[in-house]
Amino acid sequence: MNYRNFKLLILDQSNDFLTKKKIQSMLPNIEYYHVSNNNKGFAGGINFLTSKVKTKLFLCTQLDVLLDENSIIKLLRSFNTKRDCIISIPITNHKNNKKNNSKKVIKKKQFIGSTFLANKLFFDKLGKFDENFFFYWEDIDLSMRIQKSKRYKIYQCKNSFATHLYGTSTLYSIKSNYIRMTNFKFGEYFIQYKYKKLKKIKILREPILRFFYMIIFFLLLKKNDFLKNFFFLIGIFKFYVKIISVKFINLK
């Protein structure tokens, strides 16, 4: 096991106690393991776990990411050489994972939340992940806040490698697709709204188009395409409800 020599904090939001027993038998250094049926989403889950972290740095990784011990250690290079480093990331899914003798640490504008090493103090000061994003976009939002801060930077280590087996940590079903697609579309609208990039024409036009596509795919008996547009439409209306409730609270 690649994480056998590290202190571990695990959050299982699927209420799976059987898996907890299996993992506890394989990994001896688990300091905290919480099982819950209250799904906080990715942003909320990571924020919850970081509140339990007692070290200067913490590594965040998902079940569908392969990262060996050597690559984890290499991520420390960013913090050892760059005082403004808030997040250090590996090269993910690179075809030729060979050592690069050029710059070993390079500055990046964004990072993917599936795997990163972070400075806990800086992460907390910046406000952690925005929990308005349940699933998707929270890493893009944090990247934008890091850029805006001008104090912190994201760095990539050229000799650290990870493999992300996208989606294998979640079983595909109508329910899982509903969660993915509604929250993806909600996040798309919310991040554009948050940074004042959401155009009124999009708010008015896309729901109409999605509804139109739903009718077409329903008549063509294309179930998956029908559901995709239906879920996206729900995500858009979820955004409407969110914004209306926020404005109503502010009016009070």
# chains A, B, ... in the order shown; residues from 1 in each chain; ligands from 1

$ select_by_dssp --residues "segment 11-224 of chain A" --states "strand (DSSP E)" --output "compact mmCIF listing (two decimals) with C-alpha atoms, in the first residue's frame"
# COMPACT_ATOMS: atom_id res chain seq x y z
CA LEU A 11 -13.82 10.32 5.41
CA ASP A 12 -16.32 7.83 3.98
CA ILE A 30 -4.97 5.64 10.45
CA GLU A 31 -5.40 8.49 12.95
CA TYR A 32 -9.00 9.32 12.07
CA TYR A 33 -11.67 7.42 10.14
CA HIS A 34 -15.18 8.82 9.94
CA VAL A 35 -18.10 7.04 8.27
CA LEU A 57 1.16 20.11 5.35
CA PHE A 58 -1.55 17.70 4.25
CA LEU A 59 -1.96 15.54 1.17
CA CYS A 60 -5.42 15.26 -0.37
CA THR A 61 -6.06 12.29 -2.64
CA VAL A 65 -5.75 8.20 -7.87
CA LEU A 66 -2.51 6.19 -7.95
CA CYS A 85 3.67 27.84 -2.12
CA ILE A 86 0.16 27.03 -0.93
CA ILE A 87 -0.39 23.95 -3.11
CA SER A 88 2.01 21.49 -4.76
CA ILE A 89 0.75 19.16 -7.48
CA PRO A 90 2.18 16.21 -9.44
CA ILE A 91 2.06 15.65 -13.18
CA THR A 92 -1.14 13.65 -13.72
CA VAL A 105 9.24 23.16 -9.95
CA ILE A 106 7.06 25.33 -12.16
CA LYS A 107 4.30 27.81 -11.39
CA LYS A 108 0.73 26.87 -12.38
CA THR A 115 -4.47 15.12 -5.75
CA PHE A 116 -2.54 17.92 -4.08
CA LEU A 117 -0.24 18.70 -1.17
CA ALA A 118 -1.19 21.87 0.71
CA ASN A 119 0.05 24.18 3.42
CA LYS A 153 1.13 30.34 -5.58
CA ILE A 154 0.46 26.87 -7.00
CA TYR A 155 3.50 24.86 -8.10
CA GLN A 156 3.90 21.62 -10.02
CA CYS A 157 6.75 19.21 -9.37
CA LYS A 158 8.11 17.84 -12.63
CA ASN A 159 9.44 14.64 -10.98
CA SER A 160 6.21 13.73 -9.19
CA PHE A 161 3.65 11.63 -11.06
CA ALA A 162 0.08 10.51 -10.45
CA THR A 163 -2.45 8.46 -12.39
CA HIS A 164 -6.09 9.45 -12.13

$ residues_around --residues "segment 120-134 of chain A" --least-positions-apart "4" --cutoff "7 Å" --atoms "only C-alpha atoms" --output "PyMOL selection string"
chain A and resi 41-44+47+56-58+86+138+142+183+187

$ write_last_selection --atoms "N, CA and C atoms" --output "CSV table (one decimal), in the first residue's frame"
chain,number,residue,atom,x,y,z
A,41,GLY,N,-20.4,16.4,0.2
A,41,GLY,CA,-19.8,16.8,-1.0
A,41,GLY,C,-18.3,16.8,-0.9
A,42,PHE,N,-17.6,17.0,-2.0
A,42,PHE,CA,-16.1,17.0,-2.0
A,42,PHE,C,-15.6,18.2,-1.2
A,43,ALA,N,-16.1,19.4,-1.5
A,43,ALA,CA,-15.6,20.6,-0.8
A,43,ALA,C,-15.8,20.5,0.7
A,44,GLY,N,-17.0,20.2,1.1
A,44,GLY,CA,-17.3,20.0,2.5
A,44,GLY,C,-16.6,18.9,3.2
A,47,ASN,N,-12.9,20.0,3.6
A,47,ASN,CA,-12.8,21.0,4.7
A,47,ASN,C,-13.0,20.4,6.1
A,56,LYS,N,1.8,20.6,9.5
A,56,LYS,CA,2.0,21.8,8.7
A,56,LYS,C,1.4,21.6,7.3
A,57,LEU,N,1.6,20.4,6.7
A,57,LEU,CA,1.2,20.1,5.4
A,57,LEU,C,0.2,18.9,5.4
A,58,PHE,N,-0.7,18.9,4.4
A,58,PHE,CA,-1.5,17.7,4.2
A,58,PHE,C,-1.7,17.3,2.8
A,86,ILE,N,1.3,27.5,-1.7
A,86,ILE,CA,0.2,27.0,-0.9
A,86,ILE,C,-0.2,25.6,-1.3
A,138,GLU,N,-14.9,23.3,-7.3
A,138,GLU,CA,-14.4,23.9,-6.1
A,138,GLU,C,-12.9,24.1,-6.3
A,142,LEU,N,-11.0,27.8,-6.0
A,142,LEU,CA,-9.8,28.0,-5.1
A,142,LEU,C,-8.6,28.5,-5.9
A,183,ASN,N,-24.8,18.9,-10.2
A,183,ASN,CA,-23.8,19.7,-9.5
A,183,ASN,C,-22.8,20.3,-10.4
A,187,GLY,N,-22.5,24.2,-10.5
A,187,GLY,CA,-21.2,24.8,-10.3
A,187,GLY,C,-20.7,25.8,-11.4

$ atom_distance --atom1 "atom CA of Leu220 of chain A" --atom2 "atom CA of Lys238 of chain A"
27.1 Å

$ select_by_dssp --residues "segment 8-231 of chain A" --states "helix (DSSP H, G or I)" --output "short mmCIF file (atom, residue, chain, number, x, y, z; two decimals) with C-alpha atoms, in the first residue's frame"
data_model
loop_
_atom_site.label_atom_id
_atom_site.label_comp_id
_atom_site.auth_asym_id
_atom_site.auth_seq_id
_atom_site.Cartn_x
_atom_site.Cartn_y
_atom_site.Cartn_z
CA PHE A 17 -18.60 0.27 7.64
CA LEU A 18 -17.55 -2.96 5.91
CA THR A 19 -14.95 -1.11 3.81
CA LYS A 20 -13.76 0.66 6.94
CA LYS A 21 -12.89 -2.67 8.59
CA LYS A 22 -10.98 -3.83 5.50
CA ILE A 23 -8.97 -0.63 5.21
CA GLN A 24 -8.17 -0.55 8.93
CA SER A 25 -6.73 -4.05 8.65
CA MET A 26 -4.43 -2.99 5.77
CA GLY A 41 -19.79 16.78 -1.03
CA PHE A 42 -16.14 17.01 -2.03
CA ALA A 43 -15.55 20.58 -0.82
CA GLY A 44 -17.33 20.05 2.49
CA GLY A 45 -15.66 16.68 3.01
CA ILE A 46 -12.14 18.01 2.49
CA ASN A 47 -12.81 21.05 4.69
CA PHE A 48 -14.08 18.72 7.41
CA LEU A 49 -10.99 16.53 7.23
CA THR A 50 -8.54 19.44 7.22
CA GLU A 69 5.51 7.18 -1.96
CA ASN A 70 8.41 8.64 -3.92
CA SER A 71 6.11 11.01 -5.82
CA ILE A 72 4.51 12.15 -2.57
CA ILE A 73 7.92 13.00 -1.12
CA LYS A 74 8.87 14.86 -4.32
CA LEU A 76 7.73 18.62 -0.78
CA ARG A 77 10.21 20.26 -3.16
CA SER A 78 7.76 23.08 -3.88
CA PHE A 79 7.52 24.02 -0.21
CA ASN A 80 11.28 23.68 0.34
CA THR A 81 12.13 26.04 -2.51
CA LYS A 120 -2.69 23.96 6.06
CA LEU A 121 -2.18 27.47 7.48
CA PHE A 122 -2.34 29.11 4.03
CA PHE A 123 -5.27 26.89 3.02
CA ASP A 124 -7.21 27.96 6.13
CA LYS A 125 -6.36 31.65 5.70
CA GLU A 138 -14.35 23.89 -6.12
CA ASP A 139 -10.73 23.48 -7.24
CA ILE A 140 -11.17 26.01 -10.07
CA ASP A 141 -12.71 28.46 -7.60
CA LEU A 142 -9.83 28.02 -5.12
CA SER A 143 -7.31 28.41 -7.97
CA MET A 144 -8.93 31.72 -8.92
CA ARG A 145 -8.83 32.92 -5.31
CA ILE A 146 -5.16 31.96 -5.08
CA GLN A 147 -4.39 33.98 -8.22
CA LYS A 148 -6.42 36.90 -6.91
CA SER A 149 -4.61 36.87 -3.56
CA ILE A 174 -28.92 7.12 -12.71
CA LYS A 175 -28.46 8.40 -9.16
CA SER A 176 -24.71 8.97 -9.51
CA ASN A 177 -25.18 10.64 -12.91
CA TYR A 178 -27.85 12.85 -11.38
CA ILE A 179 -25.45 13.95 -8.64
CA ARG A 180 -22.61 14.53 -11.11
CA MET A 181 -24.52 16.40 -13.80
CA THR A 182 -26.77 18.57 -11.63
CA ASN A 183 -23.84 19.70 -9.51
CA PHE A 184 -21.59 20.20 -12.53
CA LYS A 185 -24.12 22.54 -14.15
CA PHE A 186 -24.90 24.28 -10.86
CA GLY A 187 -21.19 24.85 -10.28
CA GLU A 188 -20.70 26.17 -13.80
CA TYR A 189 -23.37 28.81 -13.23
CA PHE A 190 -22.34 29.60 -9.66
CA ILE A 191 -18.65 30.17 -10.43
CA GLN A 192 -19.54 32.45 -13.34
CA TYR A 193 -21.97 34.33 -11.10
CA LYS A 194 -19.42 34.56 -8.29
CA LYS A 200 -28.06 37.22 -18.76
CA ILE A 201 -28.58 35.71 -22.20
CA LYS A 202 -27.19 32.40 -20.93
CA ILE A 203 -29.53 32.40 -17.94
CA LEU A 204 -32.53 32.91 -20.23
CA ARG A 205 -31.50 30.87 -23.27
CA GLU A 206 -29.99 27.66 -21.91
CA PRO A 207 -33.01 26.45 -19.90
CA ILE A 208 -35.18 26.83 -22.99
CA LEU A 209 -32.66 24.94 -25.14
CA ARG A 210 -32.27 22.16 -22.57
CA PHE A 211 -36.04 21.72 -22.40
CA PHE A 212 -36.21 21.66 -26.21
CA TYR A 213 -33.46 19.01 -26.35
CA MET A 214 -35.31 16.95 -23.75
CA ILE A 215 -38.41 16.79 -25.95
CA ILE A 216 -36.37 15.82 -29.02
CA PHE A 217 -34.42 13.06 -27.26
CA PHE A 218 -37.59 11.80 -25.59
CA LEU A 219 -39.26 11.43 -28.99
CA LYS A 223 -32.71 7.87 -22.77
CA ASN A 224 -29.18 8.94 -21.82
CA ASP A 225 -29.31 12.17 -23.80
CA PHE A 226 -32.75 12.93 -22.38
CA LEU A 227 -31.52 12.40 -18.81
CA LYS A 228 -28.38 14.44 -19.39
CA ASN A 229 -30.39 17.49 -20.45
CA PHE A 230 -32.94 16.88 -17.70
CA PHE A 231 -30.20 16.76 -15.04
#

$ atom_distance --atom1 "atom CA of Leu198 of chain A" --atom2 "atom CA of Asn39 of chain A"
28.2 Å

$ atom_distance --atom1 "atom CA of Phe237 of chain A" --atom2 "atom CA of Asn38 of chain A"
22.9 Å

$ closest_residue --among "A:Tyr152, A:Phe232, A:Phe6, A:Tyr195" --to "Asp84 of chain A" --atoms "only C-alpha atoms"
A:Tyr152
